[in-house]
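> Pasting work_29.csv here (CSV, C-alpha atoms):
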chain,number,residue,atom,x,y,z
T,1437,MET,CA,78.0,-3.8,178.2
T,1438,GLN,CA,78.8,-7.3,176.7
T,1439,ARG,CA,80.2,-8.4,180.1
T,1440,ILE,CA,77.0,-7.2,181.8
T,1441,THR,CA,74.9,-9.0,179.3
T,1442,GLN,CA,76.8,-12.2,179.7
T,1443,ASP,CA,76.6,-12.0,183.5
T,1444,ILE,CA,72.9,-11.3,183.6
T,1445,THR,CA,72.1,-14.1,181.1
T,1446,ALA,CA,74.1,-16.5,183.2
T,1447,GLU,CA,72.2,-15.4,186.3
T,1448,LEU,CA,68.9,-15.9,184.4
T,1449,SER,CA,69.9,-19.4,183.5
T,1450,GLU,CA,71.1,-20.3,187.0
T,1451,GLN,CA,68.1,-19.0,188.9
T,1452,THR,CA,64.8,-18.6,187.1
T,1453,PRO,CA,63.1,-15.3,188.0
T,1454,GLN,CA,60.1,-15.9,190.2
T,1455,ALA,CA,58.3,-12.5,189.7
T,1456,ALA,CA,57.9,-9.7,187.3
T,1457,ALA,CA,60.2,-7.6,189.4
T,1458,ASP,CA,63.0,-10.1,188.8
T,1459,PHE,CA,62.7,-9.7,185.1
T,1460,GLU,CA,62.5,-5.9,185.4
T,1461,ARG,CA,65.8,-6.0,187.2
T,1462,LEU,CA,67.4,-8.1,184.5
T,1463,ILE,CA,66.1,-5.9,181.7
T,1464,VAL,CA,67.7,-2.8,183.3
T,1465,GLY,CA,71.1,-4.5,182.9
T,1466,SER,CA,70.5,-6.0,179.5
T,1467,PRO,CA,67.7,-4.0,177.6
T,1468,ASN,CA,68.7,-5.4,174.2
T,1469,SER,CA,68.6,-9.1,175.1
T,1470,SER,CA,65.6,-10.7,173.3
T,1471,PHE,CA,66.3,-13.8,175.4
T,1472,ILE,CA,65.3,-12.0,178.6
T,1473,TRP,CA,62.3,-10.3,177.0
T,1474,LEU,CA,61.0,-13.6,175.6
T,1475,GLN,CA,61.5,-15.2,179.0
T,1476,PHE,CA,59.4,-12.4,180.5
T,1477,MET,CA,56.7,-13.0,177.9
T,1478,ALA,CA,56.8,-16.7,178.7
T,1479,TYR,CA,56.4,-15.9,182.4
T,1480,TYR,CA,53.1,-14.1,181.8
T,1481,LEU,CA,51.9,-16.7,179.3
T,1482,SER,CA,52.4,-19.4,181.9
T,1483,GLN,CA,50.0,-17.5,184.1
T,1484,SER,CA,47.5,-17.0,181.2
T,1485,GLU,CA,48.2,-13.2,181.3
T,1486,ILE,CA,48.0,-12.8,177.5
T,1487,GLU,CA,47.6,-9.0,177.6
T,1488,GLN,CA,50.6,-8.6,179.9
T,1489,ALA,CA,52.7,-10.8,177.5
T,1490,ARG,CA,51.6,-8.6,174.6
T,1491,ALA,CA,52.6,-5.5,176.6
T,1492,VAL,CA,56.1,-7.0,177.3
T,1493,ALA,CA,56.5,-7.7,173.5
T,1494,GLU,CA,55.6,-4.1,172.7
T,1495,ARG,CA,58.0,-2.7,175.3
T,1496,ALA,CA,60.7,-4.9,173.9
T,1497,LEU,CA,60.2,-3.6,170.4
T,1498,LYS,CA,60.4,0.0,171.6
T,1499,THR,CA,63.4,-0.6,173.9
T,1500,ILE,CA,65.7,-2.7,171.8
T,1501,VAL,CA,67.9,-0.4,169.7
T,1502,PRO,CA,67.4,-0.5,165.9
T,1503,SER,CA,70.9,-1.7,165.2
T,1504,GLU,CA,70.1,-5.0,167.0
T,1505,GLU,CA,68.0,-6.3,164.1
T,1506,GLN,CA,68.2,-10.0,165.1
T,1507,GLU,CA,67.1,-9.3,168.6
T,1508,LYS,CA,64.1,-7.3,167.4
T,1509,MET,CA,63.3,-10.0,164.9
T,1510,ASN,CA,63.3,-12.6,167.7
T,1511,VAL,CA,60.7,-10.5,169.5
T,1512,TRP,CA,58.5,-10.0,166.4
T,1513,VAL,CA,58.5,-13.8,165.8
T,1514,ALA,CA,57.5,-14.3,169.5
T,1515,LEU,CA,54.7,-11.8,169.1
T,1516,LEU,CA,53.5,-13.6,165.9
T,1517,ASN,CA,53.5,-16.9,167.7
T,1518,LEU,CA,51.6,-15.3,170.6
T,1519,GLU,CA,48.9,-13.9,168.3
T,1520,HIS,CA,48.7,-17.2,166.3
T,1521,ARG,CA,48.1,-19.2,169.5
T,1522,PHE,CA,46.2,-16.8,171.7
T,1523,GLY,CA,44.9,-14.0,169.5
T,1524,THR,CA,42.4,-13.7,166.7
T,1525,ARG,CA,42.9,-13.8,162.9
T,1526,ASP,CA,42.6,-10.0,162.9
T,1527,THR,CA,45.3,-9.5,165.7
T,1528,LEU,CA,47.6,-11.9,163.9
T,1529,GLN,CA,47.2,-10.2,160.5
T,1530,ALA,CA,47.8,-6.8,162.2
T,1531,ALA,CA,51.0,-8.0,163.9
T,1532,LEU,CA,52.1,-9.5,160.6
T,1533,LYS,CA,51.5,-6.3,158.7
T,1534,ARG,CA,53.5,-4.3,161.4
T,1535,ALA,CA,56.3,-6.8,161.3
T,1536,THR,CA,56.7,-6.5,157.6
T,1537,GLN,CA,56.9,-2.7,157.9
T,1538,PHE,CA,59.7,-2.7,160.5
T,1539,MET,CA,61.7,-5.8,159.6
T,1540,ASN,CA,62.8,-7.5,156.4
T,1541,PRO,CA,59.4,-8.6,155.0
T,1542,LYS,CA,60.9,-11.7,153.3
T,1543,HIS,CA,62.1,-13.0,156.5
T,1544,VAL,CA,58.9,-12.2,158.2
T,1545,TYR,CA,56.8,-14.1,155.6
T,1546,LEU,CA,59.0,-17.1,155.8
T,1547,GLN,CA,58.9,-17.1,159.6
T,1548,MET,CA,55.1,-16.9,159.5
T,1549,ALA,CA,55.0,-19.8,157.1
T,1550,LYS,CA,57.0,-21.8,159.6
T,1551,ILE,CA,54.6,-21.0,162.4
T,1552,TYR,CA,51.7,-22.3,160.2
T,1553,GLU,CA,53.7,-25.4,159.3
T,1554,ARG,CA,54.4,-26.2,162.9
T,1555,ALA,CA,50.7,-25.9,163.6
T,1556,ASP,CA,49.8,-28.3,160.7
T,1557,GLN,CA,47.9,-25.5,159.0
T,1558,TYR,CA,48.8,-26.6,155.5
T,1559,ALA,CA,46.7,-24.2,153.5
T,1560,ASP,CA,47.8,-21.1,155.5
T,1561,ALA,CA,51.4,-22.1,155.2
T,1562,GLU,CA,51.1,-22.6,151.5
T,1563,SER,CA,49.4,-19.3,151.1
T,1564,MET,CA,52.3,-17.6,153.0
T,1565,HIS,CA,54.9,-19.2,150.8
T,1566,LYS,CA,53.0,-18.0,147.7
T,1567,THR,CA,52.9,-14.5,149.1
T,1568,ALA,CA,56.7,-14.7,149.7
T,1569,ILE,CA,57.3,-15.8,146.1
T,1570,SER,CA,55.0,-13.2,144.6
T,1571,LYS,CA,56.8,-10.4,146.4
T,1572,PHE,CA,60.4,-11.8,146.2
T,1573,SER,CA,60.5,-13.9,143.1
T,1574,GLY,CA,64.2,-13.1,142.6
T,1575,SER,CA,65.1,-14.7,145.9
T,1576,CYS,CA,66.4,-18.3,145.6
T,1577,LYS,CA,65.6,-18.9,149.3
T,1578,VAL,CA,61.9,-18.4,148.9
T,1579,TRP,CA,61.7,-20.9,146.1
T,1580,VAL,CA,63.8,-23.5,147.9
T,1581,LEU,CA,61.8,-23.2,151.2
T,1582,PHE,CA,58.5,-23.5,149.3
T,1583,GLY,CA,59.9,-26.6,147.5
T,1584,LEU,CA,61.0,-28.1,150.8
T,1585,PHE,CA,57.5,-27.4,152.3
T,1586,TYR,CA,55.9,-29.3,149.4
T,1587,LEU,CA,58.3,-32.3,149.7
T,1588,LYS,CA,57.8,-32.6,153.4
T,1589,ASN,CA,54.0,-32.7,152.8
T,1590,ASP,CA,54.3,-35.4,150.1
T,1591,LYS,CA,53.6,-33.0,147.3
T,1592,VAL,CA,56.4,-34.2,145.1
T,1593,ALA,CA,55.0,-33.1,141.8
T,1594,GLU,CA,54.3,-29.6,143.1
T,1595,SER,CA,57.9,-29.3,144.3
T,1596,ARG,CA,59.3,-30.3,141.0
T,1597,ASP,CA,57.0,-27.9,139.1
T,1598,LEU,CA,58.2,-25.2,141.5
T,1599,LEU,CA,61.8,-25.8,140.4
T,1600,ALA,CA,60.9,-25.4,136.8
T,1601,ARG,CA,59.1,-22.1,137.6
T,1602,ALA,CA,62.0,-20.9,139.7
T,1603,LEU,CA,64.4,-21.4,136.8
T,1604,ARG,CA,62.1,-19.4,134.5
T,1605,THR,CA,62.0,-16.6,137.1
T,1606,LEU,CA,65.4,-16.4,138.9
T,1607,PRO,CA,68.4,-14.7,137.3
T,1608,LYS,CA,70.7,-17.1,135.6
T,1609,ARG,CA,73.5,-16.5,138.2
T,1610,LYS,CA,71.2,-18.2,140.8
T,1611,HIS,CA,70.3,-21.2,138.7
T,1612,ILE,CA,73.1,-23.5,140.0
T,1613,LYS,CA,72.3,-22.7,143.6
T,1614,ALA,CA,68.6,-23.4,143.1
T,1615,ILE,CA,69.1,-26.7,141.2
T,1616,THR,CA,71.7,-27.9,143.7
T,1617,GLN,CA,69.5,-27.2,146.7
T,1618,PHE,CA,66.4,-28.8,145.1
T,1619,GLY,CA,68.6,-31.8,144.3
T,1620,GLN,CA,69.7,-32.0,148.0
T,1621,MET,CA,66.1,-31.8,149.1
T,1622,GLU,CA,65.2,-34.7,146.8
T,1623,PHE,CA,67.9,-36.8,148.5
T,1624,LYS,CA,66.8,-35.9,152.0
T,1625,HIS,CA,63.0,-35.7,151.6
T,1626,GLY,CA,62.0,-37.0,148.2
T,1627,GLU,CA,63.5,-39.7,146.1
T,1628,PRO,CA,67.3,-40.2,146.0
T,1629,GLU,CA,67.0,-41.4,142.4
T,1630,ARG,CA,65.4,-38.1,141.4
T,1631,GLY,CA,68.2,-36.3,143.3
T,1632,ARG,CA,70.7,-38.2,141.3
T,1633,THR,CA,69.0,-37.1,138.1
T,1634,VAL,CA,69.1,-33.5,139.2
T,1635,PHE,CA,72.9,-33.6,140.0
T,1636,GLU,CA,73.7,-35.6,136.8
T,1637,GLY,CA,72.0,-32.9,134.8
T,1638,ILE,CA,73.8,-30.0,136.3
T,1639,LEU,CA,77.2,-31.8,136.3
T,1640,GLY,CA,76.7,-32.5,132.6
T,1641,THR,CA,76.8,-28.7,132.2
T,1642,TYR,CA,79.4,-27.9,134.8
T,1643,PRO,CA,81.6,-31.1,135.0
T,1644,LYS,CA,84.5,-29.2,136.6
T,1645,ARG,CA,82.7,-27.8,139.6
T,1646,VAL,CA,84.3,-29.4,142.6
T,1647,ASP,CA,81.7,-28.0,144.9
T,1648,LEU,CA,78.9,-29.7,143.0
T,1649,TRP,CA,80.7,-33.0,143.0
T,1650,SER,CA,81.4,-32.7,146.7
T,1651,VAL,CA,77.7,-32.1,147.5
T,1652,TYR,CA,76.7,-35.0,145.2
T,1653,LEU,CA,79.1,-37.3,147.0
T,1654,ASP,CA,77.9,-36.2,150.4
T,1655,MET,CA,74.3,-36.8,149.4
T,1656,GLU,CA,75.1,-40.3,148.1
T,1657,ILE,CA,76.9,-41.1,151.4
T,1658,LYS,CA,74.0,-39.9,153.5
T,1659,ALA,CA,71.4,-41.7,151.3
T,1660,ALA,CA,73.4,-45.0,151.7
T,1661,SER,CA,73.7,-44.5,155.4
T,1662,VAL,CA,70.0,-44.2,155.8
T,1663,ALA,CA,69.1,-47.0,153.3
T,1664,GLY,CA,71.0,-49.9,154.8
T,1665,SER,CA,72.5,-51.6,157.8
T,1666,ASP,CA,76.2,-51.9,158.6
T,1667,SER,CA,76.2,-55.4,157.3
T,1668,ASP,CA,74.9,-54.4,153.9
T,1669,ALA,CA,78.2,-53.5,152.2
T,1670,GLN,CA,76.6,-53.3,148.7
T,1671,ARG,CA,74.7,-50.1,149.6
T,1672,TRP,CA,78.0,-48.2,149.3
T,1673,ASP,CA,78.5,-49.4,145.6
T,1674,PRO,CA,76.9,-46.3,144.0
T,1675,THR,CA,79.1,-44.0,146.2
T,1676,ARG,CA,82.3,-45.9,145.2
T,1677,LYS,CA,81.3,-45.7,141.6
T,1678,LEU,CA,80.8,-42.0,141.9
T,1679,PHE,CA,84.3,-41.6,143.5
T,1680,ALA,CA,85.9,-43.7,140.8
T,1681,ARG,CA,84.1,-41.7,138.1
T,1682,VAL,CA,85.2,-38.3,139.4
T,1683,THR,CA,88.8,-39.4,140.0
T,1684,SER,CA,89.0,-40.8,136.4
T,1685,MET,CA,88.2,-37.4,135.0
T,1686,LYS,CA,90.7,-34.7,134.1
T,1687,HIS,CA,91.0,-32.2,136.9
T,1688,SER,CA,93.8,-30.0,138.3
T,1689,SER,CA,96.1,-31.7,140.7
T,1690,LYS,CA,94.7,-29.7,143.5
T,1691,LYS,CA,91.2,-30.9,142.8
T,1692,MET,CA,92.3,-34.5,142.4
T,1693,LYS,CA,94.0,-34.3,145.8
T,1694,PHE,CA,90.7,-33.1,147.3
T,1695,PHE,CA,88.7,-36.0,145.7
T,1696,PHE,CA,91.2,-38.7,146.7
T,1697,LYS,CA,91.4,-37.3,150.2
T,1698,LYS,CA,87.6,-37.4,150.5
T,1699,TRP,CA,87.5,-40.9,149.0
T,1700,LEU,CA,90.1,-42.1,151.5
T,1701,ALA,CA,88.2,-40.6,154.4
T,1702,PHE,CA,85.0,-42.3,153.2
T,1703,GLU,CA,86.7,-45.7,153.0
T,1704,LYS,CA,88.2,-45.4,156.4
T,1705,SER,CA,84.7,-44.7,157.8
T,1706,HIS,CA,82.7,-47.2,155.8
T,1707,GLY,CA,85.1,-49.5,154.0
T,1708,SER,CA,87.7,-52.1,154.9
T,1709,ASP,CA,91.4,-52.4,154.8
T,1710,GLU,CA,91.2,-53.6,151.3
T,1711,THR,CA,89.1,-50.7,150.0
T,1712,VAL,CA,91.4,-48.2,151.8
T,1713,GLU,CA,94.4,-49.7,150.1
T,1714,HIS,CA,92.6,-49.6,146.8
T,1715,VAL,CA,92.1,-45.9,147.1
T,1716,LYS,CA,95.8,-45.4,148.1
T,1717,GLN,CA,96.8,-47.4,145.0
T,1718,LYS,CA,94.6,-45.3,142.8
T,1719,ALA,CA,96.0,-42.1,144.2
T,1720,LEU,CA,99.6,-43.4,143.6
T,1721,GLU,CA,98.7,-44.3,140.1
T,1722,TYR,CA,97.5,-40.8,139.5
T,1723,VAL,CA,100.7,-39.3,141.0
T,1724,ASN,CA,102.8,-41.5,138.8
T,1725,SER,CA,100.8,-40.6,135.7
T,1726,LEU,CA,101.9,-36.9,136.3
T,1727,SER,CA,105.5,-37.7,135.9
T,1728,SER,CA,105.2,-40.2,133.0
Once more with this new file: its structure as structure tokens, please.

Amino acid sequence: MQRITQDITAELSEQTPQAAADFERLIVGSPNSSFIWLQFMAYYLSQSEIEQARAVAERALKTIVPSEEQEKMNVWVALLNLEHRFGTRDTLQAALKRATQFMNPKHVYLQMAKIYERADQYADAESMHKTAISKFSGSCKVWVLFGLFYLKNDKVAESRDLLARALRTLPKRKHIKAITQFGQMEFKHGEPERGRTVFEGILGTYPKRVDLWSVYLDMEIKAASVAGSDSDAQRWDPTRKLFARVTSMKHSSKKMKFFFKKWLAFEKSHGSDETVEHVKQKALEYVNSLSS
């Protein structure tokens, strides 16, 4: 069956079907392929045959086997997009309600929020994120994506308030994950200085977490890459200070090897022969300190 699916998908990509009969033939060979079903929907939409496109979506949902959850989810998202663009508010809400009954409702609400976001429907997207949080407050993902939505829409204060609410609601085992992801979002979409504050705070509590240091370093490198030109060497100073700081701490030899290797790779990409040699010398000094 996998071979048949691959062959038919390749055929579809090489020669676009020209009629409904062409799609029907492909579906016979690969009934669980959401790719083909979605292309069939697009075919009817291109001809303004909205009802026919709906009918194809409904057929797909009945045909695709339950075990192919992602394939079914792809069709539900396509149906939600269809109703959002061509249907009414009632048909959209009906499709949304059905989707939450048959698929993971958290994923459905988040997908619907994305649909509203892409359409610049800020209030509807915000409402959908709030619905997701009210129903799945123990999920780190819903808090993070809501925070990202606020940051992308210049609602910085709201995003930061959301992190505080998340930490009051989420189980403690998810706190590090939430804080780290909000910190990364600040670097990418908010203010790097605020991102630094977030990481400094969590590393003050967990100074030995290599994964946190690694993410912090990566964020600093990316922030510097965006901030300056190749001729502006000073923009790398904060990153170098961070590398120097973490390699001056007491870590296991395995962790120290990781940090020096990462620092050396950074200098080879963004530094000079002198800075590369400086890192090598620092690493040598560390190795020598182990035997002294």
> Give the answer as one residue: which of T:Gly1574, T:Pro1453, T:Gly1707, T:Gly1583 has the shortest atom-to-atom distance to Gln1475 (chain T), using only C-alpha atoms?
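Looking only at the distances to Gln1475 (chain T), the closest residue turns out to be T:Pro1453.
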> Nearest to Lys1577 (chain T): which of T:Ala1600, T:Ala1614, T:Ala1555, T:Ile1472 is it, counting all atoms listed in the file?
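Looking at the shortest contact to Lys1577 (chain T), the residue is T:Ala1614.
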> Work out how far apart CA of Lys1542 (chain T) and CA of Phe1572 (chain T) are and give it in Å to one decimal.
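Distance reported for this atom pair: 7.1 Å.
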> Tell me which protein, DNA and RNA residues are within 9 Å of Val1682 (chain T), counting all atoms listed in the file, leaving out same-chain ones fewer than 5 positions away, and put them as a list in words.
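My list of contacting residues is Trp1649, Lys1677, His1687, Met1692 and Phe1695 of chain T.
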> Report, in Å to a single decimal, how far apart CA of Asp1654 (chain T) and CA of Leu1720 (chain T) are.
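The value is 23.9 Å.
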> Rounded to one decimal, what separation in Å do you get between CA of Glu1721 (chain T) and CA of Lys1693 (chain T)?
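So the answer is 12.4 Å.
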> Taking all atoms listed in the file into account, produce a table as JSON lines in which each residue of region 1583-1607 of chain T with an atom at most 12 Å from an atom of region 1626-1640 of chain T appears once, together with its shortest atom pair and the distance in Å to one decimal, ordered by chain and rising number.

{"residue": "T:Gly1583", "atom": "CA", "partner": "T:Gly1626", "partner_atom": "CA", "distance": 10.6}
{"residue": "T:Leu1584", "atom": "CA", "partner": "T:Gly1626", "partner_atom": "CA", "distance": 9.3}
{"residue": "T:Phe1585", "atom": "CA", "partner": "T:Gly1626", "partner_atom": "CA", "distance": 11.4}
{"residue": "T:Tyr1586", "atom": "CA", "partner": "T:Gly1626", "partner_atom": "CA", "distance": 9.9}
{"residue": "T:Leu1587", "atom": "CA", "partner": "T:Gly1626", "partner_atom": "CA", "distance": 6.2}
{"residue": "T:Lys1588", "atom": "CA", "partner": "T:Gly1626", "partner_atom": "CA", "distance": 8.0}
{"residue": "T:Asn1589", "atom": "CA", "partner": "T:Gly1626", "partner_atom": "CA", "distance": 10.2}
{"residue": "T:Asp1590", "atom": "CA", "partner": "T:Gly1626", "partner_atom": "CA", "distance": 8.1}
{"residue": "T:Lys1591", "atom": "CA", "partner": "T:Gly1626", "partner_atom": "CA", "distance": 9.3}
{"residue": "T:Val1592", "atom": "CA", "partner": "T:Gly1626", "partner_atom": "CA", "distance": 7.0}
{"residue": "T:Ala1593", "atom": "CA", "partner": "T:Gly1626", "partner_atom": "CA", "distance": 10.3}
{"residue": "T:Glu1594", "atom": "CA", "partner": "T:Gly1626", "partner_atom": "CA", "distance": 11.8}
{"residue": "T:Ser1595", "atom": "CA", "partner": "T:Gly1626", "partner_atom": "CA", "distance": 9.6}
{"residue": "T:Arg1596", "atom": "CA", "partner": "T:Arg1630", "partner_atom": "CA", "distance": 9.9}
{"residue": "T:Leu1599", "atom": "CA", "partner": "T:Val1634", "partner_atom": "CA", "distance": 10.7}
{"residue": "T:Ala1600", "atom": "CA", "partner": "T:Val1634", "partner_atom": "CA", "distance": 11.8}
> What would region 1439-1544 of chain T look like if you wrote it out as a CSV table (one decimal), in the first residue's frame, with C-alpha atoms included, from the block I just posted?

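What follows is the written file decode_5.csv:
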chain,number,residue,atom,x,y,z
T,1439,ARG,CA,4.3,1.8,-2.7
T,1440,ILE,CA,1.0,2.5,-4.3
T,1441,THR,CA,0.6,5.7,-2.3
T,1442,GLN,CA,4.0,6.9,-3.3
T,1443,ASP,CA,3.5,6.1,-7.0
T,1444,ILE,CA,0.1,7.8,-7.1
T,1445,THR,CA,1.4,10.9,-5.2
T,1446,ALA,CA,4.3,11.1,-7.7
T,1447,GLU,CA,1.8,10.8,-10.6
T,1448,LEU,CA,-0.3,13.6,-9.1
T,1449,SER,CA,2.7,15.9,-8.8
T,1450,GLU,CA,4.0,15.2,-12.3
T,1451,GLN,CA,0.6,15.6,-14.0
T,1452,THR,CA,-2.1,17.7,-12.4
T,1453,PRO,CA,-5.5,16.0,-12.8
T,1454,GLN,CA,-7.7,17.9,-15.2
T,1455,ALA,CA,-11.1,16.5,-14.2
T,1456,ALA,CA,-13.0,15.0,-11.2
T,1457,ALA,CA,-12.6,11.6,-12.8
T,1458,ASP,CA,-8.8,11.9,-12.5
T,1459,PHE,CA,-9.1,12.6,-8.8
T,1460,GLU,CA,-11.5,9.7,-8.3
T,1461,ARG,CA,-9.0,7.4,-10.0
T,1462,LEU,CA,-6.2,8.5,-7.7
T,1463,ILE,CA,-8.4,8.2,-4.6
T,1464,VAL,CA,-9.2,4.6,-5.4
T,1465,GLY,CA,-5.4,3.8,-5.2
T,1466,SER,CA,-4.8,6.0,-2.1
T,1467,PRO,CA,-8.0,6.6,-0.1
T,1468,ASN,CA,-6.1,7.6,3.1
T,1469,SER,CA,-4.0,10.4,1.4
T,1470,SER,CA,-5.2,13.8,2.7
T,1471,PHE,CA,-2.9,15.3,0.0
T,1472,ILE,CA,-5.1,14.0,-2.8
T,1473,TRP,CA,-8.4,14.8,-1.0
T,1474,LEU,CA,-7.2,18.4,-0.4
T,1475,GLN,CA,-6.1,18.7,-4.0
T,1476,PHE,CA,-9.6,17.5,-5.0
T,1477,MET,CA,-11.2,20.1,-2.8
T,1478,ALA,CA,-8.9,22.8,-4.3
T,1479,TYR,CA,-10.0,21.7,-7.8
T,1480,TYR,CA,-13.7,22.4,-7.0
T,1481,LEU,CA,-12.9,25.6,-5.2
T,1482,SER,CA,-11.0,26.9,-8.2
T,1483,GLN,CA,-14.2,26.5,-10.1
T,1484,SER,CA,-16.3,28.2,-7.3
T,1485,GLU,CA,-18.0,24.8,-6.7
T,1486,ILE,CA,-18.2,25.3,-2.9
T,1487,GLU,CA,-20.8,22.6,-2.2
T,1488,GLN,CA,-18.8,20.1,-4.2
T,1489,ALA,CA,-15.7,20.9,-2.2
T,1490,ARG,CA,-17.6,20.5,1.0
T,1491,ALA,CA,-18.9,17.1,-0.3
T,1492,VAL,CA,-15.3,16.0,-1.0
T,1493,ALA,CA,-14.2,16.9,2.5
T,1494,GLU,CA,-17.1,15.0,4.0
T,1495,ARG,CA,-16.3,12.0,1.8
T,1496,ALA,CA,-12.7,12.2,2.9
T,1497,LEU,CA,-13.6,12.2,6.6
T,1498,LYS,CA,-15.7,9.1,6.1
T,1499,THR,CA,-13.2,7.3,4.0
T,1500,ILE,CA,-9.9,7.9,5.8
T,1501,VAL,CA,-9.4,5.2,8.4
T,1502,PRO,CA,-9.5,6.2,12.0
T,1503,SER,CA,-5.9,5.2,12.6
T,1504,GLU,CA,-4.7,7.9,10.2
T,1505,GLU,CA,-5.3,10.7,12.6
T,1506,GLN,CA,-3.0,13.3,11.0
T,1507,GLU,CA,-4.6,12.6,7.6
T,1508,LYS,CA,-8.0,13.2,9.1
T,1509,MET,CA,-6.8,16.3,10.9
T,1510,ASN,CA,-5.5,17.7,7.7
T,1511,VAL,CA,-8.9,17.4,6.1
T,1512,TRP,CA,-10.7,18.9,9.1
T,1513,VAL,CA,-8.3,21.9,9.0
T,1514,ALA,CA,-9.1,22.2,5.2
T,1515,LEU,CA,-12.8,22.1,6.0
T,1516,LEU,CA,-12.4,24.8,8.7
T,1517,ASN,CA,-10.5,27.0,6.2
T,1518,LEU,CA,-13.3,26.4,3.6
T,1519,GLU,CA,-16.0,27.4,6.0
T,1520,HIS,CA,-14.1,30.4,7.3
T,1521,ARG,CA,-13.5,31.7,3.7
T,1522,PHE,CA,-16.7,30.7,1.9
T,1523,GLY,CA,-19.2,29.7,4.6
T,1524,THR,CA,-21.2,31.6,7.2
T,1525,ARG,CA,-20.4,32.0,10.9
T,1526,ASP,CA,-22.9,29.3,11.6
T,1527,THR,CA,-21.4,26.8,9.2
T,1528,LEU,CA,-18.0,27.5,10.6
T,1529,GLN,CA,-19.1,27.1,14.2
T,1530,ALA,CA,-20.8,23.8,13.3
T,1531,ALA,CA,-17.7,22.5,11.6
T,1532,LEU,CA,-15.6,23.6,14.6
T,1533,LYS,CA,-17.9,21.8,17.0
T,1534,ARG,CA,-17.8,18.6,14.9
T,1535,ALA,CA,-14.0,18.8,14.6
T,1536,THR,CA,-13.6,19.0,18.4
T,1537,GLN,CA,-15.8,15.9,18.8
T,1538,PHE,CA,-13.8,13.7,16.4
T,1539,MET,CA,-10.2,15.0,16.8
T,1540,ASN,CA,-8.0,16.3,19.7
T,1541,PRO,CA,-9.9,19.4,20.7
T,1542,LYS,CA,-6.8,21.3,21.8
T,1543,HIS,CA,-5.2,20.9,18.4
T,1544,VAL,CA,-8.5,22.0,16.7
